[in-house]
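As stored in run11.tsv (TSV, C-alpha atoms and all ligand atoms):
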chain	number	residue	atom	x	y	z
D	500	MET	CA	124.06	86.82	99.00
D	501	GLN	CA	124.22	89.82	101.30
D	502	THR	CA	124.93	93.48	100.82
D	503	ASN	CA	127.72	95.02	102.88
D	504	ASN	CA	125.61	97.82	104.31
D	505	LEU	CA	124.59	96.16	107.54
D	506	ALA	CA	127.19	98.01	109.63
D	507	LYS	CA	126.28	101.50	108.41
D	508	THR	CA	123.50	103.71	109.75
D	509	TYR	CA	120.45	103.28	107.52
D	510	LEU	CA	119.15	106.82	107.19
D	511	LEU	CA	115.77	105.84	105.68
D	512	ASN	CA	114.86	104.62	109.17
D	513	HIS	CA	115.22	108.18	110.49
D	514	SER	CA	112.43	110.72	110.87
D	515	ARG	CA	113.41	114.34	110.24
D	516	ASP	CA	113.94	114.92	113.96
D	517	GLU	CA	116.05	111.79	114.27
D	518	LEU	CA	118.12	112.94	111.31
D	519	VAL	CA	118.89	116.18	113.15
D	520	GLN	CA	120.03	114.17	116.19
D	521	PHE	CA	122.09	111.90	113.98
D	522	VAL	CA	123.98	114.67	112.19
D	523	ASN	CA	124.62	116.22	115.60
D	524	SER	CA	126.00	112.97	116.90
D	525	ILE	CA	128.63	112.83	114.16
D	526	GLY	CA	129.60	116.48	114.56
D	527	ILE	CA	127.69	118.02	111.64
D	528	GLU	CA	125.68	121.26	112.08
D	529	ASN	CA	121.90	120.84	112.59
D	530	TYR	CA	120.88	122.77	109.49
D	531	ARG	CA	122.57	120.20	107.29
D	532	ALA	CA	119.84	117.69	108.24
D	533	ASP	CA	117.38	119.60	106.03
D	534	GLN	CA	119.74	119.39	103.08
D	535	LEU	CA	120.15	115.67	103.63
D	536	PHE	CA	116.39	115.09	103.94
D	537	LYS	CA	115.72	116.96	100.70
D	538	GLY	CA	118.53	115.10	98.95
D	539	ILE	CA	117.07	111.79	100.07
D	540	TYR	CA	113.42	112.48	99.19
D	541	HIS	CA	113.47	115.14	96.46
D	542	GLN	CA	116.52	114.04	94.52
D	543	LEU	CA	116.11	110.34	95.39
D	544	LEU	CA	119.86	110.18	95.96
D	545	PRO	CA	121.25	106.65	96.32
D	546	ASP	CA	124.23	108.11	98.28
D	547	PHE	CA	125.64	111.57	98.99
D	548	ASN	CA	128.12	111.79	96.08
D	549	ASN	CA	125.92	114.19	94.12
D	550	LEU	CA	124.75	116.35	97.01
D	551	THR	CA	126.89	119.27	95.91
D	552	THR	CA	125.60	121.63	98.59
D	553	LEU	CA	127.91	119.66	100.92
D	554	SER	CA	131.70	119.79	100.91
D	555	LYS	CA	133.61	116.80	99.51
D	556	GLU	CA	134.86	116.00	102.98
D	557	LEU	CA	131.36	115.98	104.44
D	558	ARG	CA	130.04	113.79	101.64
D	559	LYS	CA	132.80	111.29	102.30
D	560	LYS	CA	132.11	111.32	106.02
D	561	LEU	CA	128.42	110.60	105.36
D	562	ASN	CA	129.08	107.93	102.76
D	563	ASP	CA	131.52	106.19	105.10
D	564	SER	CA	129.11	106.04	108.03
D	565	THR	CA	125.63	105.86	106.45
D	566	THR	CA	123.68	104.16	103.71
D	567	LEU	CA	120.56	105.15	101.80
D	568	ARG	CA	120.09	101.84	99.99
D	569	THR	CA	120.03	98.36	101.43
D	570	MET	CA	117.90	96.65	98.78
D	571	VAL	CA	119.02	95.30	95.43
D	572	LEU	CA	116.63	94.75	92.52
D	573	THR	CA	117.05	91.16	91.37
D	574	LYS	CA	114.14	90.74	88.98
D	575	THR	CA	111.54	92.88	87.20
D	576	THR	CA	108.50	91.28	85.57
D	577	LYS	CA	106.18	93.37	83.41
D	578	SER	CA	102.74	92.50	82.10
D	579	ILE	CA	102.43	92.89	78.33
D	580	HIS	CA	98.70	93.57	78.76
D	581	ASP	CA	98.61	96.48	81.20
D	582	ASN	CA	102.21	97.31	82.21
D	583	THR	CA	101.69	96.06	85.78
D	584	THR	CA	105.25	95.66	87.02
D	585	LYS	CA	106.48	93.39	89.78
D	586	PHE	CA	109.84	93.87	91.50
D	587	LEU	CA	111.79	91.27	93.48
D	588	TRP	CA	114.14	92.89	96.01
D	589	LEU	CA	117.07	91.32	97.82
D	590	LEU	CA	117.32	92.65	101.36
D	591	ALA	CA	120.57	93.23	103.24
D	592	ASP	CA	120.21	89.97	105.20
D	593	GLY	CA	119.66	87.92	102.05
D	594	LEU	CA	115.86	87.58	102.33
D	595	LYS	CA	113.60	88.65	99.47
D	596	ILE	CA	110.35	90.54	99.09
D	597	GLU	CA	108.17	91.72	96.22
D	598	SER	CA	106.32	94.96	95.43
D	599	VAL	CA	104.15	95.96	92.48
D	600	ILE	CA	103.20	99.01	90.41
D	601	ILE	CA	99.67	98.94	88.96
D	602	TYR	CA	98.63	101.40	86.24
D	603	GLU	CA	94.92	102.02	85.86
D	604	GLY	CA	93.79	105.12	83.94
D	605	LYS	CA	95.08	108.12	85.86
D	606	ARG	CA	95.93	106.02	88.89
D	607	THR	CA	99.38	104.64	89.56
D	608	THR	CA	99.30	102.44	92.64
D	609	PHE	CA	102.39	101.31	94.48
D	610	CYS	CA	101.59	98.07	96.31
D	611	ILE	CA	104.21	97.56	99.01
D	612	SER	CA	105.15	94.90	101.54
D	613	SER	CA	105.33	95.29	105.31
D	614	GLN	CA	106.79	91.89	106.26
D	615	VAL	CA	108.90	89.14	104.70
D	616	GLY	CA	106.21	86.50	104.24
D	617	CYS	CA	103.17	86.34	106.50
D	618	ALA	CA	102.06	84.16	109.40
D	619	LEU	CA	98.34	84.37	108.82
D	620	ASP	CA	97.98	81.63	106.23
D	621	CYS	CA	94.94	82.89	104.31
D	622	LYS	CA	94.19	79.92	102.09
D	623	PHE	CA	93.96	81.78	98.77
D	624	CYS	CA	97.22	83.70	99.28
D	625	ALA	CA	100.69	82.73	98.04
D	626	THR	CA	102.45	84.93	100.63
D	627	GLY	CA	100.70	82.98	103.39
D	628	LYS	CA	102.40	79.81	102.13
D	629	MET	CA	105.82	81.35	102.88
D	630	GLY	CA	105.07	81.74	106.58
D	631	PHE	CA	106.47	84.71	108.50
D	632	LEU	CA	110.21	85.41	108.33
D	633	ARG	CA	110.50	88.92	109.77
D	634	ASN	CA	109.08	92.42	109.93
D	635	LEU	CA	110.40	95.06	107.55
D	636	SER	CA	111.99	98.19	109.02
D	637	PRO	CA	110.49	101.63	108.25
D	638	GLY	CA	113.45	102.23	105.94
D	639	GLU	CA	112.84	99.03	103.98
D	640	ILE	CA	109.21	100.05	103.51
D	641	VAL	CA	110.20	103.56	102.40
D	642	GLU	CA	112.94	102.23	100.15
D	643	GLN	CA	110.44	100.15	98.14
D	644	VAL	CA	108.65	103.40	97.28
D	645	LEU	CA	111.81	105.35	96.45
D	646	LEU	CA	113.18	102.59	94.22
D	647	MET	CA	109.87	102.12	92.41
D	648	LYS	CA	109.49	105.88	91.99
D	649	GLU	CA	112.78	105.90	90.08
D	650	ARG	CA	111.46	103.21	87.77
D	651	ALA	CA	107.73	104.05	87.42
D	652	GLU	CA	106.18	105.48	84.25
D	653	ASN	CA	104.26	107.98	86.41
D	654	PRO	CA	104.61	109.19	89.98
D	655	PRO	CA	102.45	107.23	92.44
D	656	THR	CA	98.91	108.44	93.10
D	657	ASN	CA	98.21	105.76	95.73
D	658	ILE	CA	100.31	103.69	98.10
D	659	VAL	CA	98.71	100.53	99.49
D	660	PHE	CA	100.02	98.10	102.09
D	661	MET	CA	98.63	95.13	100.18
D	662	GLY	CA	101.89	93.42	99.32
D	663	MET	CA	103.46	90.79	101.54
D	664	GLY	CA	102.54	90.70	105.20
D	665	GLU	CA	99.92	91.88	107.67
D	666	PRO	CA	100.68	95.58	108.27
D	667	LEU	CA	98.82	95.74	111.58
D	668	LEU	CA	101.23	93.14	112.99
D	669	ASN	CA	104.05	95.57	112.20
D	670	LEU	CA	102.05	98.67	112.98
D	671	ASN	CA	104.67	100.95	114.56
D	672	LYS	CA	107.05	100.54	111.65
D	673	VAL	CA	104.28	100.83	109.07
D	674	LEU	CA	103.15	104.08	110.68
D	675	LYS	CA	106.66	105.47	110.88
D	676	ALA	CA	107.22	104.66	107.20
D	677	SER	CA	103.86	106.23	106.26
D	678	PHE	CA	104.71	109.43	108.15
D	679	LEU	CA	108.10	109.53	106.43
D	680	LEU	CA	106.51	109.12	102.99
D	681	SER	CA	104.02	111.88	103.71
D	682	ASP	CA	106.44	114.28	105.41
D	683	PRO	CA	105.73	117.72	103.87
D	684	GLU	CA	109.47	118.43	103.56
D	685	GLY	CA	110.05	115.14	101.74
D	686	LEU	CA	107.86	113.31	99.22
D	687	ALA	CA	104.79	114.95	100.77
D	688	PHE	CA	102.69	112.02	99.63
D	689	PRO	CA	98.98	112.71	100.43
D	690	ARG	CA	98.17	110.93	103.68
D	691	LYS	CA	94.66	109.87	102.73
D	692	ARG	CA	96.10	108.09	99.72
D	693	ILE	CA	98.15	105.75	101.85
D	694	THR	CA	95.99	102.70	102.62
D	695	ILE	CA	96.76	100.22	105.36
D	696	SER	CA	95.04	96.94	104.57
D	697	THR	CA	94.37	94.32	107.22
D	698	SER	CA	93.08	90.77	107.21
D	699	GLY	CA	91.07	91.68	110.30
D	700	ILE	CA	93.41	92.11	113.29
D	701	ALA	CA	90.76	93.70	115.52
D	702	SER	CA	93.24	94.80	118.22
D	703	GLY	CA	95.38	96.48	115.54
D	704	ILE	CA	92.36	98.33	114.11
D	705	ARG	CA	91.69	99.78	117.58
D	706	LYS	CA	95.34	100.75	117.95
D	707	LEU	CA	95.28	102.40	114.55
D	708	ALA	CA	92.17	104.35	115.58
D	709	ASP	CA	93.82	105.41	118.85
D	710	SER	CA	96.98	106.52	117.06
D	711	ASP	CA	95.01	109.22	115.19
D	712	ALA	CA	97.10	108.36	112.13
D	713	PRO	CA	95.70	110.17	109.10
D	714	PHE	CA	95.92	107.20	106.73
D	715	SER	CA	93.13	105.11	105.18
D	716	LEU	CA	92.01	101.66	106.29
D	717	ALA	CA	90.97	98.68	104.17
D	718	VAL	CA	89.70	95.42	105.65
D	719	SER	CA	90.07	92.21	103.68
D	720	LEU	CA	86.74	90.60	104.63
D	721	ASN	CA	86.24	87.83	102.06
D	722	ALA	CA	83.35	86.19	103.91
D	723	ALA	CA	80.74	87.50	106.32
D	724	ILE	CA	79.64	84.04	107.49
D	725	GLU	CA	81.80	82.90	110.40
D	726	GLU	CA	82.43	79.23	109.45
D	727	LYS	CA	83.25	80.18	105.88
D	728	ARG	CA	85.61	82.95	106.93
D	729	ARG	CA	87.42	80.64	109.33
D	730	ARG	CA	87.93	78.12	106.56
D	731	ILE	CA	89.65	80.59	104.24
D	732	MET	CA	91.09	83.01	106.83
D	733	PRO	CA	92.24	81.32	110.06
D	734	VAL	CA	92.71	84.79	111.58
D	735	SER	CA	88.93	84.78	112.07
D	736	ILE	CA	89.35	82.13	114.78
D	737	LYS	CA	91.18	84.67	116.96
D	738	TYR	CA	89.21	87.69	115.78
D	739	PRO	CA	85.65	86.51	114.98
D	740	LEU	CA	83.37	88.65	112.84
D	741	ASP	CA	81.55	90.17	115.83
D	742	GLU	CA	84.77	91.40	117.34
D	743	LEU	CA	86.02	92.60	113.97
D	744	LYS	CA	82.80	94.52	113.49
D	745	ARG	CA	83.11	96.19	116.90
D	746	SER	CA	86.67	97.26	116.16
D	747	ILE	CA	85.70	98.74	112.80
D	748	LYS	CA	82.80	100.56	114.43
D	749	TYR	CA	85.24	101.94	116.99
D	750	TYR	CA	87.60	103.03	114.20
D	751	VAL	CA	84.82	104.74	112.22
D	752	GLU	CA	83.46	106.56	115.28
D	753	LYS	CA	86.91	107.63	116.45
D	754	THR	CA	88.24	108.78	113.07
D	755	GLY	CA	85.08	109.73	111.17
D	756	LYS	CA	86.54	107.94	108.16
D	757	ARG	CA	85.08	105.57	105.62
D	758	VAL	CA	86.46	102.04	105.43
D	759	THR	CA	87.09	100.00	102.29
D	760	PHE	CA	86.13	96.33	102.43
D	761	GLU	CA	88.02	94.01	100.11
D	762	TYR	CA	86.08	90.88	99.18
D	763	ILE	CA	87.91	88.21	97.19
D	764	LEU	CA	85.28	86.20	95.31
D	765	ILE	CA	85.99	82.47	95.24
D	766	ALA	CA	83.66	80.28	93.17
D	767	GLY	CA	81.48	78.06	95.33
D	768	LYS	CA	83.04	79.27	98.59
D	769	ASN	CA	81.80	82.80	99.29
D	770	ASP	CA	79.80	83.92	96.26
D	771	SER	CA	76.23	82.72	96.96
D	772	LYS	CA	73.14	84.86	97.53
D	773	GLU	CA	73.44	84.14	101.26
D	774	ASP	CA	77.07	85.35	101.18
D	775	ALA	CA	75.99	88.55	99.44
D	776	ASP	CA	73.18	89.10	101.98
D	777	MET	CA	75.59	88.61	104.88
D	778	LEU	CA	78.11	90.97	103.28
D	779	VAL	CA	75.43	93.63	103.01
D	780	LYS	CA	74.40	92.99	106.62
D	781	PHE	CA	77.98	93.13	107.93
D	782	THR	CA	78.75	96.41	106.17
D	783	HIS	CA	75.33	97.91	106.80
D	784	SER	CA	76.26	100.08	109.75
D	785	PHE	CA	79.44	101.67	108.33
D	786	PRO	CA	80.17	104.38	105.80
D	787	CYS	CA	82.13	102.19	103.43
D	788	LYS	CA	82.98	101.04	99.97
D	789	ILE	CA	83.23	97.40	98.86
D	790	ASN	CA	85.85	96.21	96.38
D	791	LEU	CA	85.08	92.85	94.82
D	792	ILE	CA	88.16	91.00	93.58
D	793	PRO	CA	87.80	87.81	91.51
D	794	CYS	CA	90.17	85.33	93.19
D	795	ASN	CA	93.69	85.29	91.75
D	796	SER	CA	94.86	82.07	93.37
D	797	LEU	CA	96.73	79.59	91.18
D	798	ASP	CA	95.40	76.82	93.45
D	799	GLU	CA	92.54	74.97	91.72
D	800	GLU	CA	90.72	74.78	95.03
D	801	TYR	CA	90.18	78.56	94.97
D	802	PRO	CA	88.89	79.42	91.49
D	803	ALA	CA	87.44	82.78	90.48
D	804	PRO	CA	83.71	82.87	89.62
D	805	THR	CA	82.73	83.47	86.00
D	806	PRO	CA	82.59	87.14	84.91
D	807	SER	CA	78.77	86.90	84.68
D	808	HIS	CA	78.56	85.63	88.27
D	809	VAL	CA	80.88	88.41	89.47
D	810	LYS	CA	78.54	90.89	87.76
D	811	TRP	CA	75.49	89.28	89.36
D	812	PHE	CA	77.10	89.46	92.83
D	813	SER	CA	78.16	93.06	92.28
D	814	ASP	CA	74.71	94.14	91.00
D	815	TYR	CA	72.98	92.34	93.87
D	816	VAL	CA	75.11	94.09	96.50
D	817	HIS	CA	74.73	97.40	94.70
D	818	GLU	CA	70.93	97.08	94.69
D	819	LYS	CA	71.10	96.89	98.47
D	820	HIS	CA	72.55	100.41	98.45
D	821	ARG	CA	76.16	99.49	99.00
D	822	THR	CA	78.91	101.28	97.05
D	823	VAL	CA	80.65	98.51	95.19
D	824	THR	CA	83.35	98.22	92.53
D	825	VAL	CA	84.93	95.23	90.83
D	826	ARG	CA	88.72	95.30	90.76
D	827	LEU	CA	90.25	94.13	87.49
D	828	ARG	CA	92.69	91.24	87.68
D	829	LYS	CA	95.71	93.40	86.91
D	830	GLY	CA	99.02	91.56	86.69
D	831	TRP	CA	97.41	88.14	87.09
D	832	GLU	CA	99.52	86.46	84.40
D	833	ILE	CA	102.78	87.61	86.03
D	834	GLN	CA	101.62	86.62	89.54
D	835	ALA	CA	101.53	90.24	90.63
D	836	ALA	CA	97.83	90.42	91.50
D	837	CYS	CA	96.32	90.51	94.95
D	838	GLY	CA	97.29	87.37	96.92
D	839	GLN	CA	99.92	86.20	94.42
D	840	LEU	CA	103.15	87.64	95.84
D	841	TYR	CA	105.68	85.02	96.80
D	842	SER	CA	109.44	84.84	97.05
D	843	GLU	CA	111.71	81.86	97.57
D	844	ASN	CA	113.93	82.56	100.55
D	845	ASN	CA	116.75	80.01	100.30
D	846	SER	CA	114.25	77.35	101.30
D	847	LYS	CA	113.83	79.08	104.67
D	848	LYS	CA	110.39	78.21	105.99
D	849	GLY	CA	108.65	80.92	107.94
D	850	SER	CA	106.40	80.46	110.94
D	851	LYS	CA	102.61	80.38	110.81
D	852	VAL	CA	100.29	81.43	113.58
D	853	SER	CA	98.17	78.62	114.93
D	854	PHE	CA	94.82	79.89	116.13
D	855	VAL	CA	93.39	76.54	117.23
D	901	LIG	S1	96.18	87.76	102.44
D	901	LIG	FE1	97.50	89.19	103.60
D	901	LIG	S2	97.19	88.54	105.72
D	901	LIG	FE2	96.47	86.82	104.46
D	901	LIG	S3	98.25	85.46	104.26
D	901	LIG	FE3	98.26	86.86	102.50
D	901	LIG	S4	99.60	88.53	103.10
D	901	LIG	FE4	98.99	87.45	104.97
Whole structure given in structure tokens:
Amino acid sequence: MQTNNLAKTYLLNHSRDELVQFVNSIGIENYRADQLFKGIYHQLLPDFNNLTTLSKELRKKLNDSTTLRTMVLTKTTKSIHDNTTKFLWLLADGLKIESVIIYEGKRTTFCISSQVGCALDCKFCATGKMGFLRNLSPGEIVEQVLLMKERAENPPTNIVFMGMGEPLLNLNKVLKASFLLSDPEGLAFPRKRITISTSGIASGIRKLADSDAPFSLAVSLNAAIEEKRRRIMPVSIKYPLDELKRSIKYYVEKTGKRVTFEYILIAGKNDSKEDADMLVKFTHSFPCKINLIPCNSLDEEYPAPTPSHVKWFSDYVHEKHRTVTVRLRKGWEIQAACGQLYSENNSKKGSKVSFV
């Protein structure tokens, strides 16, 4: 199934400046671009029918040549325990992606996707099993947020690129989307509260540092012993821990920012005392915070440790003067937790990167 919007100009791909150029190109006065931008981001308009500051004729002209929505919601799944809500979206070309809203006290986190599937094949991750199908456009990234905002119980307090895909392999579009979401004339979402999370693409971390983008960085580390990391995250073959460490150091020195390390705890694979010692050693030279996440994989080969072992690991790392928190398994039972996103794409198999 496809939507019929492929031929129209997708305005969510346009920055404010590009919107000015676009309205110019179809013979509309420049100042109208501001009205359109506000309609799109303040009123969350799905089209221009209700933008009454424009004449009927102008609204028709815009509706005929542009679109503000290319995604269709095909399924919503809500956790009865904590209201975590997962959305399955149908894209204009018939592919599907997922995004999630997580409610936690005063925080409402929108977890969004940057790619359809992912090539990196982390062993504990359902998205990795899909392979990579394509990058999302800036508009498709922005649209996830706008559509979830319409449906959320509270406005988002945090936006994290921890859905499907490796954001640093789609960096330009991820950055454009993040700038659009934080544009002061639009949603004005706080820049520091947009987190780009990577599996450890060292070259991308350097590029992000060089871009001077004001967003936050999280690194999904998951093992600080090389052989172990390679076994669960093949990306470590191309970007070994030493190189990853140098790129993070470069990022921290260039931006002056703190990094968050995500560490998925898998029983018997990366949760020993030696693993904890190596984690402390790896993170020793950075201002950082460590998030421990009991593994959410449905694969029996990647079980979560017992709660008491998670506590032991957390206390041990904490005693070594690291800031550490344990992330609750929100949305686990609806497969909305970290590493669980997956969508069938008409049996299309995506590509995987081979690092060997
Ligand atoms: S954890 Fe992230 S980088 Fe790894 S396969 Fe899943 S989506 Fe890709």
Legend entry - Who sits within 12 Å of Ser564 of chain D, all atoms listed in the file, same chain under 5 positions skipped, as a PyMOL selection string: chain D and resi 504-510+521-522+524-525+546-547+557-559
Write a file of the selected residues as a JSON list (two decimals), in the coordinates of the input, keeping C-alpha atoms.
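Once everything was written out, this is selection18.json:
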[["chain", "number", "residue", "atom", "x", "y", "z"],
["D", 504, "ASN", "CA", 125.61, 97.82, 104.31],
["D", 505, "LEU", "CA", 124.59, 96.16, 107.54],
["D", 506, "ALA", "CA", 127.19, 98.01, 109.63],
["D", 507, "LYS", "CA", 126.28, 101.50, 108.41],
["D", 508, "THR", "CA", 123.50, 103.71, 109.75],
["D", 509, "TYR", "CA", 120.45, 103.28, 107.52],
["D", 510, "LEU", "CA", 119.15, 106.82, 107.19],
["D", 521, "PHE", "CA", 122.09, 111.90, 113.98],
["D", 522, "VAL", "CA", 123.98, 114.67, 112.19],
["D", 524, "SER", "CA", 126.00, 112.97, 116.90],
["D", 525, "ILE", "CA", 128.63, 112.83, 114.16],
["D", 546, "ASP", "CA", 124.23, 108.11, 98.28],
["D", 547, "PHE", "CA", 125.64, 111.57, 98.99],
["D", 557, "LEU", "CA", 131.36, 115.98, 104.44],
["D", 558, "ARG", "CA", 130.04, 113.79, 101.64],
["D", 559, "LYS", "CA", 132.80, 111.29, 102.30]]
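Interatomic distance, atom CA of Met777 of chain D against atom CA of Ala722 of chain D: 8.2 Å.
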Legend entry - Given 6 Å and all atoms listed in the file, residues near ligand LIG 901 (chain D) as JSON, numbers by chain: {"D": [617, 619, 620, 621, 624, 626, 627, 663, 664, 665, 698, 838]}
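Considering the residues D:Asn769, D:Ser784, D:Thr573, D:Ser796 and counting only C-alpha atoms, Ile747 of chain D has its shortest atom-to-atom contact with D:Ser784.
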Legend entry - Near-Glu649 of chain D list (12 Å; only C-alpha atoms; drop same-chain fewer than 5 positions) as a PyMOL selection string: chain D and resi 540-545+600+642-644+654-655
Legend entry - Interatomic distance (Å, one decimal) between atom CA of Asn844 of chain D and atom CA of Lys595 of chain D: 6.2 Å
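For the pair atom CA of Glu652 of chain D and atom CA of Arg692 of chain D, the separation is 18.6 Å.
Minimum atom-to-atom distances from D:Leu720, D:Val816, D:Leu674, D:Leu567 to Phe760 of chain D were compared using all atoms listed in the file, and the lowest value belongs to D:Leu720.
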Inset, instruction - Could you tell me which of D:Ile763, D:Ile640, D:Leu645, D:Leu550 comes closest to Val825 of chain D if we count only C-alpha atoms? - result: D:Ile763
Can you pull out every residue within 12 Å of segment 528-530 of chain D, counting all atoms listed in the file, but drop anything in the same chain fewer than 2 positions away, and send it as a PDB file with C-alpha atoms, keeping the file's coordinate frame?
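Dumped to around_6.pdb:
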ATOM      1  CA  ARG D 515     113.410 114.340 110.240  1.00  0.00           C
ATOM      2  CA  ASP D 516     113.940 114.920 113.960  1.00  0.00           C
ATOM      3  CA  GLU D 517     116.050 111.790 114.270  1.00  0.00           C
ATOM      4  CA  LEU D 518     118.120 112.940 111.310  1.00  0.00           C
ATOM      5  CA  VAL D 519     118.890 116.180 113.150  1.00  0.00           C
ATOM      6  CA  GLN D 520     120.030 114.170 116.190  1.00  0.00           C
ATOM      7  CA  PHE D 521     122.090 111.900 113.980  1.00  0.00           C
ATOM      8  CA  VAL D 522     123.980 114.670 112.190  1.00  0.00           C
ATOM      9  CA  ASN D 523     124.620 116.220 115.600  1.00  0.00           C
ATOM     10  CA  SER D 524     126.000 112.970 116.900  1.00  0.00           C
ATOM     11  CA  ILE D 525     128.630 112.830 114.160  1.00  0.00           C
ATOM     12  CA  GLY D 526     129.600 116.480 114.560  1.00  0.00           C
ATOM     13  CA  ALA D 532     119.840 117.690 108.240  1.00  0.00           C
ATOM     14  CA  ASP D 533     117.380 119.600 106.030  1.00  0.00           C
ATOM     15  CA  GLN D 534     119.740 119.390 103.080  1.00  0.00           C
ATOM     16  CA  LEU D 535     120.150 115.670 103.630  1.00  0.00           C
ATOM     17  CA  PHE D 536     116.390 115.090 103.940  1.00  0.00           C
ATOM     18  CA  LYS D 537     115.720 116.960 100.700  1.00  0.00           C
ATOM     19  CA  THR D 552     125.600 121.630  98.590  1.00  0.00           C
ATOM     20  CA  LEU D 553     127.910 119.660 100.920  1.00  0.00           C
ATOM     21  CA  LEU D 557     131.360 115.980 104.440  1.00  0.00           C
TER      22      LEU D 557
END
Inset, instruction - Please identify all polymer residues within 10 Å of Thr608 of chain D, counting only C-alpha atoms, omitting same-chain residues fewer than 4 positions from it, and present them as a list in words. - result: Thr583, Val599, Ile600, Ile601, Tyr602, Glu603, Asn653, Pro654, Pro655, Thr656, Asn657, Ile658, Val659, Arg692 and Ile693 of chain D
Legend entry - Nearby residues, (93.6, 80.2, 103.6) file frame, 10 Å, all atoms listed in the file, as an MDAnalysis selection string: chainID D and resid 619:625 627:628 728:734 801
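If you count only C-alpha atoms and ignore residues fewer than 6 places along the chain from Ala701 of chain D, what sits within 9 Å of it is Tyr738, Pro739, Glu742, Leu743, Lys744, Arg745, Ser746 and Ile747 of chain D.
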Inset, instruction - Check the smallest atom-to-atom distance from each of D:Ser636, D:Ser681, D:Ser702, D:Ser612 to Ser842 of chain D using all atoms listed in the file, then report the winner. - result: D:Ser612
Legend entry - Of the listed residues D:His817, D:Arg828, D:Lys605, D:Arg531, that which approaches Ile792 of chain D most closely, counting all atoms listed in the file: D:Arg828
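With only C-alpha atoms as the atoms that count, the minimum distance from Ala676 of chain D to the choices D:Leu511, D:Leu589, D:Leu840, D:Ala712 is reached by D:Leu511.
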Legend entry - Local residues around (105.8, 86.0, 89.0), at most 10 Å away, using all atoms listed in the file, as a VMD selection string: chain D and resid 574 to 578 584 to 587 597 830 to 836 839 to 842
Take every atom of segment 646-660 of chain D listed in the file, fit an axis-aligned box around them, add 3 Å per side, and give the centre and edge lengths in Å to one decimal as AutoDock Vina command-line options.
--center_x 105.7 --center_y 103.6 --center_z 93.2 --size_x 21.0 --size_y 17.1 --size_z 23.8
